[in-house]
$ cat final_30.cif   # mmCIF, N, CA and C atoms
data_data
loop_
_atom_site.label_atom_id
_atom_site.label_comp_id
_atom_site.auth_asym_id
_atom_site.auth_seq_id
_atom_site.Cartn_x
_atom_site.Cartn_y
_atom_site.Cartn_z
N MET A 3 11.06 -24.21 5.65
CA MET A 3 10.97 -23.04 4.80
C MET A 3 10.63 -23.45 3.38
N THR A 4 9.88 -22.59 2.72
CA THR A 4 9.53 -22.77 1.32
C THR A 4 10.39 -21.84 0.49
N THR A 5 10.83 -22.29 -0.68
CA THR A 5 11.63 -21.46 -1.57
C THR A 5 10.91 -21.33 -2.90
N VAL A 6 10.80 -20.07 -3.38
CA VAL A 6 10.29 -19.80 -4.71
C VAL A 6 11.28 -18.90 -5.41
N GLU A 7 11.38 -19.02 -6.73
CA GLU A 7 12.28 -18.16 -7.48
C GLU A 7 11.67 -17.88 -8.84
N TYR A 8 12.07 -16.73 -9.37
CA TYR A 8 11.61 -16.35 -10.70
C TYR A 8 12.68 -15.49 -11.35
N SER A 9 12.95 -15.76 -12.62
CA SER A 9 13.93 -15.00 -13.39
C SER A 9 13.28 -14.49 -14.66
N VAL A 10 13.75 -13.32 -15.11
CA VAL A 10 13.22 -12.74 -16.33
C VAL A 10 14.35 -11.99 -17.05
N GLU A 11 14.35 -12.06 -18.39
CA GLU A 11 15.28 -11.26 -19.16
C GLU A 11 14.71 -9.86 -19.30
N VAL A 12 15.58 -8.87 -19.17
CA VAL A 12 15.18 -7.47 -19.22
C VAL A 12 15.98 -6.77 -20.31
N ASP A 13 15.30 -5.97 -21.11
CA ASP A 13 15.95 -5.23 -22.17
C ASP A 13 16.53 -3.93 -21.62
N ALA A 14 17.55 -4.08 -20.76
CA ALA A 14 18.22 -2.94 -20.13
C ALA A 14 19.53 -3.45 -19.51
N PRO A 15 20.52 -2.57 -19.37
CA PRO A 15 21.78 -2.98 -18.74
C PRO A 15 21.61 -3.17 -17.24
N PRO A 16 22.54 -3.89 -16.59
CA PRO A 16 22.42 -4.17 -15.16
C PRO A 16 22.21 -2.94 -14.28
N GLU A 17 22.86 -1.83 -14.60
CA GLU A 17 22.72 -0.63 -13.77
C GLU A 17 21.29 -0.10 -13.79
N ALA A 18 20.63 -0.16 -14.93
CA ALA A 18 19.23 0.28 -15.02
C ALA A 18 18.30 -0.69 -14.28
N VAL A 19 18.60 -1.97 -14.37
CA VAL A 19 17.81 -2.98 -13.65
C VAL A 19 17.98 -2.76 -12.14
N TRP A 20 19.21 -2.57 -11.70
CA TRP A 20 19.49 -2.36 -10.28
C TRP A 20 18.76 -1.13 -9.74
N ALA A 21 18.77 -0.05 -10.51
CA ALA A 21 18.16 1.20 -10.06
C ALA A 21 16.69 1.00 -9.67
N VAL A 22 16.00 0.14 -10.36
CA VAL A 22 14.59 -0.12 -10.05
C VAL A 22 14.44 -1.26 -9.05
N ALA A 23 15.07 -2.40 -9.33
CA ALA A 23 14.85 -3.60 -8.52
C ALA A 23 15.38 -3.47 -7.10
N SER A 24 16.36 -2.60 -6.87
CA SER A 24 16.94 -2.48 -5.53
C SER A 24 16.25 -1.42 -4.67
N ASP A 25 15.23 -0.77 -5.21
CA ASP A 25 14.54 0.29 -4.48
C ASP A 25 13.22 -0.23 -3.92
N PRO A 26 13.16 -0.56 -2.64
CA PRO A 26 11.92 -1.15 -2.09
C PRO A 26 10.74 -0.20 -2.08
N ARG A 27 10.97 1.09 -2.32
CA ARG A 27 9.83 2.02 -2.37
C ARG A 27 8.90 1.70 -3.53
N GLY A 28 9.37 0.91 -4.50
CA GLY A 28 8.52 0.49 -5.61
C GLY A 28 7.62 -0.69 -5.28
N LEU A 29 7.84 -1.33 -4.14
CA LEU A 29 7.08 -2.54 -3.79
C LEU A 29 5.56 -2.38 -3.86
N PRO A 30 4.97 -1.27 -3.39
CA PRO A 30 3.50 -1.15 -3.49
C PRO A 30 2.99 -1.20 -4.94
N ALA A 31 3.80 -0.76 -5.90
CA ALA A 31 3.39 -0.82 -7.30
C ALA A 31 3.56 -2.22 -7.89
N TRP A 32 4.46 -3.00 -7.31
CA TRP A 32 4.74 -4.34 -7.84
C TRP A 32 3.94 -5.43 -7.17
N GLU A 33 3.49 -5.19 -5.94
CA GLU A 33 2.76 -6.21 -5.17
C GLU A 33 1.58 -5.54 -4.47
N ARG A 34 0.39 -5.94 -4.85
CA ARG A 34 -0.82 -5.26 -4.35
C ARG A 34 -1.06 -5.44 -2.86
N HIS A 35 -0.42 -6.40 -2.22
CA HIS A 35 -0.62 -6.62 -0.78
C HIS A 35 0.33 -5.78 0.07
N ILE A 36 1.20 -5.04 -0.58
CA ILE A 36 2.10 -4.15 0.15
C ILE A 36 1.51 -2.75 0.10
N GLU A 37 1.23 -2.22 1.28
CA GLU A 37 0.61 -0.90 1.37
C GLU A 37 1.63 0.22 1.33
N SER A 38 2.75 0.05 2.05
CA SER A 38 3.74 1.12 2.11
C SER A 38 5.10 0.56 2.52
N VAL A 39 6.12 1.39 2.26
CA VAL A 39 7.49 1.04 2.62
C VAL A 39 8.13 2.27 3.25
N SER A 40 8.79 2.07 4.38
CA SER A 40 9.49 3.15 5.06
C SER A 40 10.99 2.89 4.99
N VAL A 41 11.68 3.71 4.18
CA VAL A 41 13.12 3.54 3.95
C VAL A 41 13.85 4.74 4.55
N PRO A 42 14.98 4.53 5.23
CA PRO A 42 15.74 5.66 5.77
C PRO A 42 16.18 6.63 4.67
N THR A 43 16.32 7.90 5.02
CA THR A 43 16.70 8.91 4.04
C THR A 43 18.07 8.67 3.42
N GLY A 44 18.96 7.99 4.11
CA GLY A 44 20.29 7.71 3.58
C GLY A 44 20.34 6.60 2.56
N GLY A 45 19.20 5.94 2.29
CA GLY A 45 19.17 4.85 1.33
C GLY A 45 19.57 3.52 1.96
N LEU A 46 19.76 2.53 1.11
CA LEU A 46 20.05 1.18 1.58
C LEU A 46 21.53 0.84 1.47
N GLY A 47 21.94 -0.10 2.29
CA GLY A 47 23.30 -0.61 2.32
C GLY A 47 23.34 -1.69 3.39
N PRO A 48 24.48 -2.35 3.57
CA PRO A 48 24.58 -3.41 4.57
C PRO A 48 24.18 -2.93 5.96
N GLY A 49 23.31 -3.69 6.62
CA GLY A 49 22.89 -3.38 7.98
C GLY A 49 21.72 -2.41 8.09
N VAL A 50 21.33 -1.79 6.99
CA VAL A 50 20.23 -0.81 7.03
C VAL A 50 18.91 -1.53 7.28
N ARG A 51 18.09 -0.93 8.13
CA ARG A 51 16.78 -1.47 8.47
C ARG A 51 15.69 -0.60 7.84
N PHE A 52 14.62 -1.25 7.38
CA PHE A 52 13.46 -0.54 6.88
C PHE A 52 12.22 -1.38 7.17
N GLU A 53 11.04 -0.80 6.94
CA GLU A 53 9.79 -1.51 7.25
C GLU A 53 8.87 -1.54 6.03
N VAL A 54 8.14 -2.66 5.93
CA VAL A 54 7.14 -2.84 4.89
C VAL A 54 5.82 -3.13 5.58
N THR A 55 4.77 -2.41 5.20
CA THR A 55 3.44 -2.65 5.74
C THR A 55 2.65 -3.43 4.69
N MET A 56 2.14 -4.61 5.10
CA MET A 56 1.42 -5.51 4.21
C MET A 56 0.01 -5.72 4.73
N SER A 57 -0.88 -6.10 3.81
CA SER A 57 -2.25 -6.41 4.19
C SER A 57 -2.70 -7.64 3.41
N PHE A 58 -3.15 -8.67 4.16
CA PHE A 58 -3.67 -9.90 3.57
C PHE A 58 -5.10 -10.08 4.05
N VAL A 59 -6.05 -10.00 3.15
CA VAL A 59 -7.45 -10.26 3.46
C VAL A 59 -7.87 -9.57 4.76
N GLY A 60 -7.60 -8.28 4.85
CA GLY A 60 -8.02 -7.51 6.01
C GLY A 60 -7.10 -7.56 7.21
N VAL A 61 -6.07 -8.38 7.20
CA VAL A 61 -5.10 -8.44 8.30
C VAL A 61 -3.88 -7.62 7.88
N ARG A 62 -3.57 -6.61 8.67
CA ARG A 62 -2.47 -5.70 8.36
C ARG A 62 -1.31 -5.98 9.31
N THR A 63 -0.10 -5.99 8.76
CA THR A 63 1.09 -6.23 9.58
C THR A 63 2.26 -5.42 9.06
N THR A 64 3.14 -5.05 9.96
CA THR A 64 4.38 -4.37 9.59
C THR A 64 5.51 -5.38 9.66
N VAL A 65 6.28 -5.46 8.59
CA VAL A 65 7.36 -6.43 8.48
C VAL A 65 8.69 -5.69 8.59
N PRO A 66 9.49 -5.98 9.64
CA PRO A 66 10.82 -5.37 9.73
C PRO A 66 11.78 -6.06 8.76
N CYS A 67 12.58 -5.26 8.05
CA CYS A 67 13.51 -5.78 7.05
C CYS A 67 14.93 -5.29 7.36
N VAL A 68 15.92 -6.13 7.06
CA VAL A 68 17.32 -5.77 7.27
C VAL A 68 18.10 -6.16 6.01
N VAL A 69 18.89 -5.22 5.50
CA VAL A 69 19.76 -5.50 4.36
C VAL A 69 20.97 -6.27 4.88
N ARG A 70 21.16 -7.49 4.42
CA ARG A 70 22.28 -8.33 4.84
C ARG A 70 23.47 -8.23 3.89
N GLU A 71 23.18 -8.15 2.59
CA GLU A 71 24.25 -8.02 1.59
C GLU A 71 23.80 -6.98 0.57
N TRP A 72 24.76 -6.20 0.08
CA TRP A 72 24.45 -5.11 -0.84
C TRP A 72 25.64 -4.95 -1.78
N GLU A 73 25.51 -5.46 -3.00
CA GLU A 73 26.59 -5.44 -3.98
C GLU A 73 26.11 -4.85 -5.31
N PRO A 74 25.92 -3.51 -5.37
CA PRO A 74 25.42 -2.89 -6.60
C PRO A 74 26.37 -3.11 -7.76
N PRO A 75 25.91 -3.32 -8.96
CA PRO A 75 24.53 -3.54 -9.37
C PRO A 75 24.20 -5.02 -9.56
N TRP A 76 24.77 -5.87 -8.73
CA TRP A 76 24.67 -7.31 -8.99
C TRP A 76 23.81 -8.10 -8.01
N ARG A 77 23.82 -7.75 -6.69
CA ARG A 77 23.18 -8.67 -5.75
C ARG A 77 22.82 -7.96 -4.45
N SER A 78 21.67 -8.37 -3.90
CA SER A 78 21.30 -7.93 -2.55
C SER A 78 20.62 -9.10 -1.85
N VAL A 79 20.74 -9.09 -0.52
CA VAL A 79 20.05 -10.07 0.31
C VAL A 79 19.39 -9.28 1.44
N VAL A 80 18.08 -9.46 1.58
CA VAL A 80 17.30 -8.77 2.60
C VAL A 80 16.54 -9.81 3.41
N THR A 81 16.58 -9.69 4.74
CA THR A 81 15.79 -10.58 5.58
C THR A 81 14.57 -9.84 6.11
N LEU A 82 13.48 -10.59 6.26
CA LEU A 82 12.23 -10.06 6.78
C LEU A 82 11.91 -10.80 8.06
N GLY A 83 11.26 -10.11 8.99
CA GLY A 83 10.90 -10.72 10.26
C GLY A 83 9.43 -10.52 10.57
N GLY A 84 9.01 -10.96 11.74
CA GLY A 84 7.62 -10.82 12.14
C GLY A 84 6.78 -12.00 11.67
N LEU A 85 5.57 -11.72 11.20
CA LEU A 85 4.65 -12.75 10.73
C LEU A 85 5.25 -13.54 9.56
N LEU A 86 5.92 -12.82 8.67
CA LEU A 86 6.54 -13.43 7.51
C LEU A 86 8.05 -13.39 7.70
N VAL A 87 8.65 -14.55 7.96
CA VAL A 87 10.10 -14.64 8.11
C VAL A 87 10.64 -15.11 6.76
N ALA A 88 11.50 -14.28 6.16
CA ALA A 88 11.94 -14.60 4.80
C ALA A 88 13.33 -14.04 4.54
N THR A 89 13.96 -14.62 3.52
CA THR A 89 15.20 -14.09 2.96
C THR A 89 14.95 -13.89 1.48
N VAL A 90 15.15 -12.66 1.02
CA VAL A 90 14.94 -12.32 -0.39
C VAL A 90 16.29 -12.02 -1.00
N THR A 91 16.68 -12.82 -1.98
CA THR A 91 17.93 -12.62 -2.69
C THR A 91 17.61 -12.15 -4.09
N THR A 92 18.14 -11.00 -4.45
CA THR A 92 17.95 -10.44 -5.78
C THR A 92 19.31 -10.44 -6.47
N SER A 93 19.35 -10.97 -7.68
CA SER A 93 20.60 -10.97 -8.43
C SER A 93 20.34 -10.52 -9.86
N ILE A 94 21.35 -9.88 -10.41
CA ILE A 94 21.27 -9.37 -11.78
C ILE A 94 22.52 -9.86 -12.51
N ALA A 95 22.31 -10.41 -13.70
CA ALA A 95 23.42 -10.88 -14.52
C ALA A 95 23.38 -10.14 -15.85
N SER A 96 24.55 -9.83 -16.35
CA SER A 96 24.67 -9.12 -17.62
C SER A 96 24.55 -10.08 -18.79
N LEU A 97 23.84 -9.65 -19.82
CA LEU A 97 23.72 -10.39 -21.07
C LEU A 97 24.27 -9.52 -22.19
N PRO A 98 24.58 -10.11 -23.33
CA PRO A 98 25.03 -9.30 -24.47
C PRO A 98 23.96 -8.28 -24.90
N PHE A 99 24.42 -7.24 -25.57
CA PHE A 99 23.55 -6.22 -26.17
C PHE A 99 22.75 -5.44 -25.12
N ASP A 100 23.40 -5.10 -24.01
CA ASP A 100 22.77 -4.30 -22.94
C ASP A 100 21.48 -4.91 -22.43
N ARG A 101 21.48 -6.20 -22.26
CA ARG A 101 20.34 -6.90 -21.66
C ARG A 101 20.80 -7.50 -20.34
N SER A 102 19.85 -7.91 -19.51
CA SER A 102 20.17 -8.46 -18.19
C SER A 102 19.18 -9.57 -17.84
N VAL A 103 19.58 -10.36 -16.86
CA VAL A 103 18.66 -11.31 -16.23
C VAL A 103 18.44 -10.83 -14.80
N LEU A 104 17.18 -10.65 -14.44
CA LEU A 104 16.79 -10.29 -13.08
C LEU A 104 16.23 -11.53 -12.43
N ARG A 105 16.78 -11.89 -11.27
CA ARG A 105 16.34 -13.11 -10.57
C ARG A 105 16.06 -12.79 -9.11
N HIS A 106 14.90 -13.24 -8.64
CA HIS A 106 14.56 -13.13 -7.23
C HIS A 106 14.36 -14.54 -6.68
N GLU A 107 14.93 -14.78 -5.51
CA GLU A 107 14.70 -16.03 -4.79
C GLU A 107 14.20 -15.64 -3.40
N VAL A 108 13.09 -16.25 -3.00
CA VAL A 108 12.49 -15.95 -1.70
C VAL A 108 12.36 -17.25 -0.93
N ARG A 109 13.00 -17.30 0.23
CA ARG A 109 12.84 -18.42 1.18
C ARG A 109 12.00 -17.87 2.31
N TYR A 110 10.88 -18.51 2.62
CA TYR A 110 9.97 -17.93 3.60
C TYR A 110 9.22 -18.97 4.41
N VAL A 111 8.71 -18.49 5.55
CA VAL A 111 7.81 -19.26 6.39
C VAL A 111 6.96 -18.24 7.16
N PHE A 112 5.70 -18.56 7.35
CA PHE A 112 4.83 -17.72 8.17
C PHE A 112 4.95 -18.19 9.62
N LYS A 113 5.05 -17.26 10.56
CA LYS A 113 5.23 -17.60 11.98
C LYS A 113 4.12 -17.00 12.83
N GLY A 114 4.09 -17.43 14.08
CA GLY A 114 3.20 -16.83 15.06
C GLY A 114 1.76 -17.29 14.96
N PRO A 115 0.89 -16.71 15.80
CA PRO A 115 -0.50 -17.13 15.86
C PRO A 115 -1.26 -16.90 14.55
N LEU A 116 -0.82 -15.91 13.77
CA LEU A 116 -1.50 -15.64 12.50
C LEU A 116 -0.78 -16.28 11.32
N GLY A 117 0.27 -17.03 11.59
CA GLY A 117 1.05 -17.65 10.53
C GLY A 117 0.26 -18.55 9.61
N SER A 118 -0.56 -19.41 10.18
CA SER A 118 -1.33 -20.33 9.33
C SER A 118 -2.37 -19.55 8.51
N PHE A 119 -2.91 -18.48 9.10
CA PHE A 119 -3.84 -17.64 8.36
C PHE A 119 -3.13 -16.96 7.19
N GLY A 120 -1.92 -16.44 7.43
CA GLY A 120 -1.14 -15.80 6.38
C GLY A 120 -0.81 -16.76 5.25
N ALA A 121 -0.40 -17.97 5.60
CA ALA A 121 -0.07 -18.98 4.60
C ALA A 121 -1.29 -19.36 3.79
N ALA A 122 -2.43 -19.54 4.45
CA ALA A 122 -3.67 -19.88 3.74
C ALA A 122 -4.10 -18.75 2.81
N SER A 123 -3.92 -17.51 3.25
CA SER A 123 -4.27 -16.35 2.43
C SER A 123 -3.42 -16.30 1.17
N VAL A 124 -2.13 -16.54 1.31
CA VAL A 124 -1.25 -16.52 0.14
C VAL A 124 -1.65 -17.62 -0.84
N ARG A 125 -1.95 -18.81 -0.34
CA ARG A 125 -2.39 -19.90 -1.21
C ARG A 125 -3.69 -19.54 -1.92
N ALA A 126 -4.63 -18.94 -1.20
CA ALA A 126 -5.93 -18.58 -1.77
C ALA A 126 -5.79 -17.51 -2.86
N LEU A 127 -4.74 -16.71 -2.78
CA LEU A 127 -4.54 -15.64 -3.75
C LEU A 127 -3.64 -16.05 -4.91
N GLY A 128 -3.37 -17.34 -5.04
CA GLY A 128 -2.61 -17.83 -6.18
C GLY A 128 -1.25 -18.37 -5.83
N GLY A 129 -0.82 -18.22 -4.60
CA GLY A 129 0.45 -18.78 -4.17
C GLY A 129 1.60 -17.80 -4.30
N ALA A 130 2.67 -18.11 -3.59
CA ALA A 130 3.85 -17.25 -3.59
C ALA A 130 4.51 -17.19 -4.96
N GLU A 131 4.47 -18.29 -5.71
CA GLU A 131 5.08 -18.30 -7.04
C GLU A 131 4.39 -17.29 -7.94
N PHE A 132 3.06 -17.26 -7.89
CA PHE A 132 2.29 -16.33 -8.70
C PHE A 132 2.61 -14.89 -8.32
N ALA A 133 2.65 -14.61 -7.03
CA ALA A 133 2.94 -13.25 -6.56
C ALA A 133 4.34 -12.82 -6.98
N LEU A 134 5.32 -13.70 -6.86
CA LEU A 134 6.69 -13.37 -7.23
C LEU A 134 6.79 -13.12 -8.73
N ARG A 135 6.16 -13.96 -9.52
CA ARG A 135 6.18 -13.78 -10.98
C ARG A 135 5.52 -12.46 -11.37
N ARG A 136 4.36 -12.17 -10.80
CA ARG A 136 3.64 -10.93 -11.10
C ARG A 136 4.48 -9.71 -10.72
N GLY A 137 5.10 -9.74 -9.54
CA GLY A 137 5.92 -8.62 -9.10
C GLY A 137 7.16 -8.42 -9.95
N THR A 138 7.83 -9.51 -10.31
CA THR A 138 9.04 -9.41 -11.12
C THR A 138 8.72 -8.91 -12.52
N GLU A 139 7.62 -9.36 -13.08
CA GLU A 139 7.21 -8.88 -14.40
C GLU A 139 6.84 -7.40 -14.35
N ALA A 140 6.26 -6.95 -13.25
CA ALA A 140 5.96 -5.52 -13.07
C ALA A 140 7.27 -4.72 -13.02
N GLN A 141 8.27 -5.26 -12.34
CA GLN A 141 9.58 -4.60 -12.32
C GLN A 141 10.16 -4.52 -13.73
N ARG A 142 10.09 -5.62 -14.47
CA ARG A 142 10.63 -5.63 -15.84
C ARG A 142 9.96 -4.54 -16.68
N ARG A 143 8.64 -4.45 -16.61
CA ARG A 143 7.93 -3.44 -17.39
C ARG A 143 8.37 -2.03 -17.00
N GLN A 144 8.52 -1.78 -15.70
CA GLN A 144 8.95 -0.47 -15.23
C GLN A 144 10.36 -0.15 -15.70
N ILE A 145 11.26 -1.11 -15.60
CA ILE A 145 12.66 -0.91 -16.03
C ILE A 145 12.70 -0.59 -17.51
N GLU A 146 12.03 -1.39 -18.33
CA GLU A 146 12.07 -1.20 -19.76
C GLU A 146 11.40 0.11 -20.18
N ALA A 147 10.41 0.56 -19.43
CA ALA A 147 9.74 1.82 -19.74
C ALA A 147 10.58 3.03 -19.37
N THR A 148 11.48 2.87 -18.38
CA THR A 148 12.25 4.02 -17.90
C THR A 148 13.71 4.01 -18.38
N ASP A 149 14.20 2.90 -18.95
CA ASP A 149 15.57 2.85 -19.41
C ASP A 149 15.74 3.79 -20.59
N ARG A 150 16.70 4.71 -20.48
CA ARG A 150 16.90 5.74 -21.51
C ARG A 150 18.24 5.56 -22.23
N ARG A 151 18.53 4.35 -22.67
CA ARG A 151 19.81 4.12 -23.37
C ARG A 151 19.91 4.94 -24.61
#
$ encode --input "final_30.cif" --output "structure tokens"
Amino acid sequence: MTTVEYSVEVDAPPEAVWAVASDPRGLPAWERHIESVSVPTGGLGPGVRFEVTMSFVGVRTTVPCVVREWEPPWRSVVTLGGLLVATVTTSIASLPFDRSVLRHEVRYVFKGPLGSFGAASVRALGGAEFALRRGTEAQRRQIEATDRR
């Protein structure tokens, strides 16, 4: 498995960071390779399953996701299956003056007959580190634009 992580300081309290970062429906806005997200109407919590539809260089796949840990507004752990097997850990730490640190850690491996194609596609598009950084920075911008302290 490969592990990538990225942290960013956010000019918002943990609750405002959590409200955005814990909602996977925002994924298509944060990551251009995610086409859609299907979340149950009851929202997320431990054991809840949802699906993410991704597209890499013309190859489309649906990724099943399961919430393993859910500790608002501090931490979540979500596992992904299918072509992309991953564990995504999101954590939020409080800083002075209503600021926070948002951190994502992704442990992943591509599996199956299309796994090597998926891995090569990610590398060709700048790598997982680049994608994680770009997505986390998009979250930061959204949080700071919507925080109404």
$ resolve_selection --input "final_30.cif" --expression "the PyMOL selection byres ((chain A and resi 14) around 7)" --output "list in words"
Glu11, Val12, Asp13, Pro15, Pro16, Glu17, Ala18, Val19, Phe99, Asp100, Arg101, Ser102, Ile145, Glu146 and Asp149 of chain A
$ write_last_selection --input "final_30.cif" --atoms "N, CA and C atoms" --output "mmCIF file, in the frame of the given file"
data_model
loop_
_atom_site.group_PDB
_atom_site.id
_atom_site.type_symbol
_atom_site.label_atom_id
_atom_site.label_comp_id
_atom_site.auth_asym_id
_atom_site.auth_seq_id
_atom_site.Cartn_x
_atom_site.Cartn_y
_atom_site.Cartn_z
ATOM 1 N N GLU A 11 14.350 -12.060 -18.390
ATOM 2 C CA GLU A 11 15.280 -11.260 -19.160
ATOM 3 C C GLU A 11 14.710 -9.860 -19.300
ATOM 4 N N VAL A 12 15.580 -8.870 -19.170
ATOM 5 C CA VAL A 12 15.180 -7.470 -19.220
ATOM 6 C C VAL A 12 15.980 -6.770 -20.310
ATOM 7 N N ASP A 13 15.300 -5.970 -21.110
ATOM 8 C CA ASP A 13 15.950 -5.230 -22.170
ATOM 9 C C ASP A 13 16.530 -3.930 -21.620
ATOM 10 N N PRO A 15 20.520 -2.570 -19.370
ATOM 11 C CA PRO A 15 21.780 -2.980 -18.740
ATOM 12 C C PRO A 15 21.610 -3.170 -17.240
ATOM 13 N N PRO A 16 22.540 -3.890 -16.590
ATOM 14 C CA PRO A 16 22.420 -4.170 -15.160
ATOM 15 C C PRO A 16 22.210 -2.940 -14.280
ATOM 16 N N GLU A 17 22.860 -1.830 -14.600
ATOM 17 C CA GLU A 17 22.720 -0.630 -13.770
ATOM 18 C C GLU A 17 21.290 -0.100 -13.790
ATOM 19 N N ALA A 18 20.630 -0.160 -14.930
ATOM 20 C CA ALA A 18 19.230 0.280 -15.020
ATOM 21 C C ALA A 18 18.300 -0.690 -14.280
ATOM 22 N N VAL A 19 18.600 -1.970 -14.370
ATOM 23 C CA VAL A 19 17.810 -2.980 -13.650
ATOM 24 C C VAL A 19 17.980 -2.760 -12.140
ATOM 25 N N PHE A 99 24.420 -7.240 -25.570
ATOM 26 C CA PHE A 99 23.550 -6.220 -26.170
ATOM 27 C C PHE A 99 22.750 -5.440 -25.120
ATOM 28 N N ASP A 100 23.400 -5.100 -24.010
ATOM 29 C CA ASP A 100 22.770 -4.300 -22.940
ATOM 30 C C ASP A 100 21.480 -4.910 -22.430
ATOM 31 N N ARG A 101 21.480 -6.200 -22.260
ATOM 32 C CA ARG A 101 20.340 -6.900 -21.660
ATOM 33 C C ARG A 101 20.800 -7.500 -20.340
ATOM 34 N N SER A 102 19.850 -7.910 -19.510
ATOM 35 C CA SER A 102 20.170 -8.460 -18.190
ATOM 36 C C SER A 102 19.180 -9.570 -17.840
ATOM 37 N N ILE A 145 11.260 -1.110 -15.600
ATOM 38 C CA ILE A 145 12.660 -0.910 -16.030
ATOM 39 C C ILE A 145 12.700 -0.590 -17.510
ATOM 40 N N GLU A 146 12.030 -1.390 -18.330
ATOM 41 C CA GLU A 146 12.070 -1.200 -19.760
ATOM 42 C C GLU A 146 11.400 0.110 -20.180
ATOM 43 N N ASP A 149 14.200 2.900 -18.950
ATOM 44 C CA ASP A 149 15.570 2.850 -19.410
ATOM 45 C C ASP A 149 15.740 3.790 -20.590
#
$ closest_atom_pairs --input "final_30.cif" --of "stretch 8-54 of chain A" --to "stretch 68-76 of chain A" --cutoff "9 Å" --atoms "only C-alpha atoms" --output "Markdown table"
| residue | atom | partner | partner_atom | distance |
| --- | --- | --- | --- | --- |
| A:Pro16 | CA | A:Pro75 | CA | 6.2 |
| A:Glu17 | CA | A:Pro75 | CA | 5.6 |
| A:Ala18 | CA | A:Pro75 | CA | 8.6 |
| A:Val19 | CA | A:Pro75 | CA | 8.0 |
| A:Trp20 | CA | A:Pro75 | CA | 5.3 |
| A:Ala21 | CA | A:Pro75 | CA | 8.0 |
| A:Ser24 | CA | A:Pro74 | CA | 8.6 |
| A:Leu46 | CA | A:Val69 | CA | 7.2 |
| A:Gly47 | CA | A:Trp72 | CA | 5.6 |
| A:Pro48 | CA | A:Val69 | CA | 5.3 |
| A:Gly49 | CA | A:Val69 | CA | 5.2 |
| A:Val50 | CA | A:Val69 | CA | 5.4 |
| A:Arg51 | CA | A:Val68 | CA | 4.5 |
| A:Phe52 | CA | A:Val68 | CA | 6.5 |
| A:Glu53 | CA | A:Val68 | CA | 8.7 |
$ closest_residue --input "final_30.cif" --among "A:Val59, A:Glu131, A:Ala23, A:Cys67" --to "A:Thr81" --atoms "only N, CA and C atoms"
A:Cys67
$ select_by_dssp --input "final_30.cif" --residues "stretch 18-148 of chain A" --states "strand (DSSP E or B)" --output "JSON, numbers by chain"
{"A": [36, 37, 38, 39, 40, 51, 52, 53, 54, 55, 56, 57, 58, 61, 62, 63, 64, 65, 66, 67, 68, 69, 70, 71, 72, 73, 77, 78, 79, 80, 81, 82, 86, 87, 88, 89, 90, 91, 92, 93, 94, 95, 96, 97, 101, 102, 103, 104, 105, 106, 107, 108, 109, 110, 111, 112]}
$ residues_near_point --input "final_30.cif" --point "(13.4, -16.8, -0.8)" --cutoff "7 Å" --atoms "all atoms listed in the file" --output "PyMOL selection string"
chain A and resi 4-7+88-91+106-110
$ write_last_selection --input "final_30.cif" --atoms "N, CA and C atoms" --output "PDB file, keeping the file's coordinate frame"
ATOM      1  N   THR A   4       9.880 -22.590   2.720  1.00  0.00           N
ATOM      2  CA  THR A   4       9.530 -22.770   1.320  1.00  0.00           C
ATOM      3  C   THR A   4      10.390 -21.840   0.490  1.00  0.00           C
ATOM      4  N   THR A   5      10.830 -22.290  -0.680  1.00  0.00           N
ATOM      5  CA  THR A   5      11.630 -21.460  -1.570  1.00  0.00           C
ATOM      6  C   THR A   5      10.910 -21.330  -2.900  1.00  0.00           C
ATOM      7  N   VAL A   6      10.800 -20.070  -3.380  1.00  0.00           N
ATOM      8  CA  VAL A   6      10.290 -19.800  -4.710  1.00  0.00           C
ATOM      9  C   VAL A   6      11.280 -18.900  -5.410  1.00  0.00           C
ATOM     10  N   GLU A   7      11.380 -19.020  -6.730  1.00  0.00           N
ATOM     11  CA  GLU A   7      12.280 -18.160  -7.480  1.00  0.00           C
ATOM     12  C   GLU A   7      11.670 -17.880  -8.840  1.00  0.00           C
ATOM     13  N   ALA A  88      11.500 -14.280   6.160  1.00  0.00           N
ATOM     14  CA  ALA A  88      11.940 -14.600   4.800  1.00  0.00           C
ATOM     15  C   ALA A  88      13.330 -14.040   4.540  1.00  0.00           C
ATOM     16  N   THR A  89      13.960 -14.620   3.520  1.00  0.00           N
ATOM     17  CA  THR A  89      15.200 -14.090   2.960  1.00  0.00           C
ATOM     18  C   THR A  89      14.950 -13.890   1.480  1.00  0.00           C
ATOM     19  N   VAL A  90      15.150 -12.660   1.020  1.00  0.00           N
ATOM     20  CA  VAL A  90      14.940 -12.320  -0.390  1.00  0.00           C
ATOM     21  C   VAL A  90      16.290 -12.020  -1.000  1.00  0.00           C
ATOM     22  N   THR A  91      16.680 -12.820  -1.980  1.00  0.00           N
ATOM     23  CA  THR A  91      17.930 -12.620  -2.690  1.00  0.00           C
ATOM     24  C   THR A  91      17.610 -12.150  -4.090  1.00  0.00           C
ATOM     25  N   HIS A 106      14.900 -13.240  -8.640  1.00  0.00           N
ATOM     26  CA  HIS A 106      14.560 -13.130  -7.230  1.00  0.00           C
ATOM     27  C   HIS A 106      14.360 -14.540  -6.680  1.00  0.00           C
ATOM     28  N   GLU A 107      14.930 -14.780  -5.510  1.00  0.00           N
ATOM     29  CA  GLU A 107      14.700 -16.030  -4.790  1.00  0.00           C
ATOM     30  C   GLU A 107      14.200 -15.640  -3.400  1.00  0.00           C
ATOM     31  N   VAL A 108      13.090 -16.250  -3.000  1.00  0.00           N
ATOM     32  CA  VAL A 108      12.490 -15.950  -1.700  1.00  0.00           C
ATOM     33  C   VAL A 108      12.360 -17.250  -0.930  1.00  0.00           C
ATOM     34  N   ARG A 109      13.000 -17.300   0.230  1.00  0.00           N
ATOM     35  CA  ARG A 109      12.840 -18.420   1.180  1.00  0.00           C
ATOM     36  C   ARG A 109      12.000 -17.870   2.310  1.00  0.00           C
ATOM     37  N   TYR A 110      10.880 -18.510   2.620  1.00  0.00           N
ATOM     38  CA  TYR A 110       9.970 -17.930   3.600  1.00  0.00           C
ATOM     39  C   TYR A 110       9.220 -18.970   4.410  1.00  0.00           C
TER      40      TYR A 110
END
